[in-house]
Amino acid sequence: LSERLQKAFSGLRRKGKVTDADVREAMREIRLALLEADVNFGVVKDFVKTVREQAVGADVLDSLTPAQQIIKIVNDELTKTMGESAVPLNKSPHIPTVIMMAGLQGAGKTTTVGKLSRYLMENEKARPLLIAADVYRPAAIEQLKTIGDQLGVPVFDMGTDTDPVEIVRQGMAQAALQHNDYVIIDTAGRLQIDETLMTELDNIKALAKPDEILLVVDSMTGQAATEVAEGFNKRLDITGVVLTKLDGDTRGGAALSIRAVTGKPIKFVGQGEKMDALDVFYPDRMANRILGMGDMLTLIDKAQKNYDEKQAAEMAEKIQQNSFDFNDFLDQMDQISNMGPMEDILKMIPGMANNPAVANLQVDPKDFAHMKAIVYSMTEAERTDPDLLNPSRRRRIAAGSGRPVPEVNRMIKQFNQSKKMMNQMSKGNFAGMEGLMGN
Ligand code: GDP
Ligand code: MG
């Protein structure tokens, strides 16, 4: 447990300004995290540069370490790059609002047409008409009709023998007759961007004058997603992006790349094959996911709230003078307990959530209770002067706390190690940084 305590204690290190060295160290980890999340190389480079400029010389907030401060800056910047807050769908002042899908084959266009219909029906009591304009595979039309049946939404189709632009023209006419408030056009994709596809989409766009051109991108395609988005956007001037398959194990770096390269907002994310697996895109949540740090910032916020500053100053003083004792240890444990269940806290630490060794780890709150029981069984003299703890005293404490002697020994050893480390850190040796960054 001592390693984790050290991390929780890290708030004690120091205040002041973020130094060049802090930033260099932290940015190495952050660059890796972004690349691991499949953010495009070029985007990573630019991003790291921006953050570095901001971070050097920034004030370190009370009760945050420089590393935490940098994480906060990185997270804020990530969120900002992806567009501060959720962007709603464009809406036409008169019906119907026309939404056109675009994207490579298999990206999730047809599925997303269904999900969007469901979303609009649920939120706006909408009456959409779906147009089947993917004429290259009979199965594509069947797929859309199945989805329409399932949701009770009409699907306009003319089979596979009519030109897609003509299908859209007639579909729009039907929507006008039936006063549908939304028209959603499902289009064909290709395995790669090609001229035939782009021309077809361009023609559909010219006819339908969509209020919204949603590019559907598979988040699992990693670095390639950037080029795809760039290609479609150049030709079609898309209005928004749907990032699908985020229920997979991708960290979602495509979100950052796409936004950085196209400047177009990601509006929704797909999180599964079912019709209800569509969510509004929240940049701040995606930022956390991309950094792979679970809710690191929640941890920082909680730590900030729970940390009494005066106490921190006193504690820092004690550590500096190496007089940190078991009473202080008890106080610290109480503060950590206030932050919530231990395993939740651990998972918020960068790298921890993804670490298989920790992912399955259950931190028993009893461990904490046991440590406390051991301290409670010490006399006041022993608490303030841990050097008194000889074998016979340890046996007495074990009996008093109902814990085995080896456990008492282990806990005292951990205490001494923590104390030593904290003392070193307080003297300006911040070797604990790597631990915080989850290497
Ligand atoms: P299209 O070729 O762009 O129309 O893609 P489809 O809508 O046919 O989807 C291709 C495959 O991806 C299908 O098997 C879908 O069920 C699946 N799919 C689409 N969106 C998601 C998603 O968000 N999560 C998961 N896990 N699968 C998805
Ligand atoms: Mg399709």
# chains A, B, ... in the order shown; residues from 1 in each chain; ligands from 1
>>> residues_near_ligand(ligand="ligand 2", cutoff="12 Å", atoms="only C-alpha atoms and all ligand atoms", output="compact mmCIF listing (two decimals) with C-alpha atoms, in the first residue's frame")
# COMPACT_ATOMS: atom_id res chain seq x y z
CA MET A 101 -24.33 10.69 -44.15
CA ALA A 102 -20.86 10.17 -45.58
CA GLY A 103 -18.03 7.83 -44.78
CA LEU A 104 -16.08 4.77 -45.79
CA GLN A 105 -17.68 1.36 -46.07
CA GLY A 106 -18.20 -0.26 -42.69
CA ALA A 107 -17.71 2.97 -40.76
CA GLY A 108 -21.24 2.71 -39.37
CA LYS A 109 -23.31 5.03 -41.59
CA THR A 110 -26.40 2.84 -41.89
CA THR A 111 -26.35 1.94 -38.21
CA THR A 112 -25.95 5.62 -37.32
CA VAL A 113 -28.93 6.56 -39.51
CA GLY A 114 -31.02 4.27 -37.32
CA ILE A 131 -33.64 7.46 -47.88
CA ALA A 132 -31.75 4.40 -49.07
CA ALA A 133 -29.20 5.83 -51.48
CA ASP A 134 -26.58 3.10 -51.21
CA VAL A 135 -27.39 1.20 -54.41
CA TYR A 136 -24.22 -0.84 -54.72
CA ARG A 137 -25.23 -3.70 -52.49
CA PRO A 138 -28.79 -5.00 -52.21
CA ALA A 139 -27.93 -5.96 -48.64
CA ALA A 140 -27.38 -2.30 -47.76
CA ILE A 141 -30.98 -1.43 -48.63
CA GLU A 142 -32.28 -4.45 -46.73
CA GLN A 143 -30.21 -3.43 -43.73
CA LEU A 144 -31.73 0.04 -43.67
CA LYS A 145 -35.26 -1.36 -44.12
CA ILE A 147 -33.62 -0.89 -39.05
CA ILE A 185 -29.93 10.09 -46.41
CA ASP A 186 -27.93 6.88 -46.14
CA THR A 187 -25.17 6.82 -48.74
CA ALA A 188 -22.70 4.33 -50.14
CA GLY A 189 -19.14 4.02 -48.94
CA ARG A 190 -15.98 2.60 -50.40
CA LEU A 191 -13.01 0.92 -48.82
CA VAL A 216 -19.06 8.79 -39.94
>>> select_by_dssp(residues="stretch 61-275 of chain A", states="helix (DSSP H, G or I)", output="MDAnalysis selection string")
chainID A and resid 66:81 109:124 138:151 164:177 195:208 219:221 224:236 253:262
>>> closest_residue(among="A:Glu84, A:Asp76, A:Glu53, A:Glu230", to="A:Tyr282", atoms="only C-alpha atoms")
A:Glu84
>>> residues_around(residues="A:Phe232", least_positions_apart="4", cutoff="12 Å", atoms="only C-alpha atoms", output="ChimeraX atom specification")
/A:101-104,189-190,192-195,197-199,201-202,213-217,225-228,236-241,258,261-262,264
>>> atom_distance(atom1="atom CA of A:Ile30", atom2="atom CA of A:Met220")
20.5 Å
>>> residues_around(residues="A:Ser392", least_positions_apart="6", cutoff="12 Å", atoms="only C-alpha atoms", output="number ranges by chain")
A: 398-399, 405, 408-409
>>> residues_around(residues="A:Pro128", least_positions_apart="2", cutoff="7 Å", atoms="only C-alpha atoms", output="VMD selection string")
chain A and resid 117 126 130 153 180 to 183
>>> closest_residue(among="A:Ala55, A:Met411, A:Val87, A:Ala67", to="A:Val375", atoms="only C-alpha atoms")
A:Met411
>>> atom_distance(atom1="atom CA of A:Thr250", atom2="atom CA of A:Pro283")
15.8 Å
>>> closest_residue(among="A:Arg52, A:Lys91, A:Arg31, A:Lys274", to="ligand 1", atoms="only C-alpha atoms and all ligand atoms")
A:Lys274
>>> residues_around(residues="A:Leu116", least_positions_apart="6", cutoff="10 Å", atoms="only C-alpha atoms", output="list in words")
Ile99, Thr110, Glu122, Pro128, Ile184, Phe268, Met275, Asp276, Ala277, Leu278 and Asp279 of chain A
>>> write_last_selection(atoms="N, CA and C atoms", output="PDB file, in the first residue's frame")
ATOM      1  N   ILE A  99     -30.375  15.598 -43.288  1.00  0.00           N
ATOM      2  CA  ILE A  99     -29.088  15.102 -42.792  1.00  0.00           C
ATOM      3  C   ILE A  99     -28.551  14.088 -43.794  1.00  0.00           C
ATOM      4  N   THR A 110     -25.023   3.343 -41.925  1.00  0.00           N
ATOM      5  CA  THR A 110     -26.399   2.844 -41.893  1.00  0.00           C
ATOM      6  C   THR A 110     -26.878   2.673 -40.453  1.00  0.00           C
ATOM      7  N   GLU A 122     -36.949  10.286 -29.920  1.00  0.00           N
ATOM      8  CA  GLU A 122     -37.007  10.333 -28.475  1.00  0.00           C
ATOM      9  C   GLU A 122     -36.945  11.766 -27.948  1.00  0.00           C
ATOM     10  N   PRO A 128     -38.989  11.150 -38.889  1.00  0.00           N
ATOM     11  CA  PRO A 128     -38.029  11.158 -39.989  1.00  0.00           C
ATOM     12  C   PRO A 128     -38.420  10.229 -41.139  1.00  0.00           C
ATOM     13  N   ILE A 184     -33.194  11.702 -43.547  1.00  0.00           N
ATOM     14  CA  ILE A 184     -31.818  11.244 -43.323  1.00  0.00           C
ATOM     15  C   ILE A 184     -31.410  10.367 -44.510  1.00  0.00           C
ATOM     16  N   PHE A 268     -21.543  13.356 -32.296  1.00  0.00           N
ATOM     17  CA  PHE A 268     -22.021  12.160 -31.585  1.00  0.00           C
ATOM     18  C   PHE A 268     -20.932  11.103 -31.549  1.00  0.00           C
ATOM     19  N   MET A 275     -29.407   0.200 -31.312  1.00  0.00           N
ATOM     20  CA  MET A 275     -29.952   1.492 -31.740  1.00  0.00           C
ATOM     21  C   MET A 275     -29.875   2.582 -30.661  1.00  0.00           C
ATOM     22  N   ASP A 276     -29.730   2.177 -29.410  1.00  0.00           N
ATOM     23  CA  ASP A 276     -29.658   3.205 -28.366  1.00  0.00           C
ATOM     24  C   ASP A 276     -28.213   3.578 -28.021  1.00  0.00           C
ATOM     25  N   ALA A 277     -27.272   2.980 -28.767  1.00  0.00           N
ATOM     26  CA  ALA A 277     -25.861   3.196 -28.415  1.00  0.00           C
ATOM     27  C   ALA A 277     -25.277   4.413 -29.141  1.00  0.00           C
ATOM     28  N   LEU A 278     -25.951   5.537 -28.980  1.00  0.00           N
ATOM     29  CA  LEU A 278     -25.455   6.790 -29.560  1.00  0.00           C
ATOM     30  C   LEU A 278     -25.468   7.843 -28.461  1.00  0.00           C
ATOM     31  N   ASP A 279     -24.371   8.532 -28.322  1.00  0.00           N
ATOM     32  CA  ASP A 279     -24.303   9.553 -27.278  1.00  0.00           C
ATOM     33  C   ASP A 279     -23.807  10.868 -27.839  1.00  0.00           C
TER      34      ASP A 279
END
>>> atom_distance(atom1="atom CA of A:Phe324", atom2="atom CA of A:Arg394")
19.5 Å
>>> closest_residue(among="A:Leu120, A:Val280, A:Leu207, A:Ala21", to="A:Gly57", atoms="only C-alpha atoms")
A:Ala21
>>> closest_residue(among="A:Met286, A:Ala206, A:Val269, A:Ala254", to="ligand 1", atoms="only C-alpha atoms and all ligand atoms")
A:Val269
>>> closest_residue(among="A:Gly263, A:Gly152, A:Pro96, A:Gly272", to="ligand 1", atoms="only C-alpha atoms and all ligand atoms")
A:Gly272
>>> select_by_dssp(residues="stretch 218-253 of chain A", states="strand (DSSP E or B)", output="list in words")
Asp218, Gly240, Val241, Val242, Leu243 and Thr244 of chain A
>>> residues_around(residues="A:Asp249", least_positions_apart="5", cutoff="12 Å", atoms="only C-alpha atoms", output="short mmCIF file (atom, residue, chain, number, x, y, z; two decimals) with C-alpha atoms, in the first residue's frame")
data_model
loop_
_atom_site.label_atom_id
_atom_site.label_comp_id
_atom_site.auth_asym_id
_atom_site.auth_seq_id
_atom_site.Cartn_x
_atom_site.Cartn_y
_atom_site.Cartn_z
CA GLU A 36 -0.87 5.26 -27.82
CA ALA A 37 -4.35 6.72 -28.18
CA ASP A 38 -3.71 6.85 -31.96
CA SER A 219 -12.61 5.24 -34.17
CA MET A 220 -10.75 1.93 -34.42
CA THR A 221 -9.04 2.94 -37.66
CA GLY A 222 -6.49 4.93 -35.68
CA THR A 244 -18.28 5.14 -34.01
CA GLN A 271 -20.81 3.07 -28.44
CA GLY A 272 -22.28 -0.19 -29.68
CA ARG A 289 -10.20 8.90 -22.23
CA ILE A 290 -7.45 9.96 -24.61
CA GLY A 292 -5.89 7.20 -20.41
CA ASN A 354 -5.15 0.30 -17.92
#
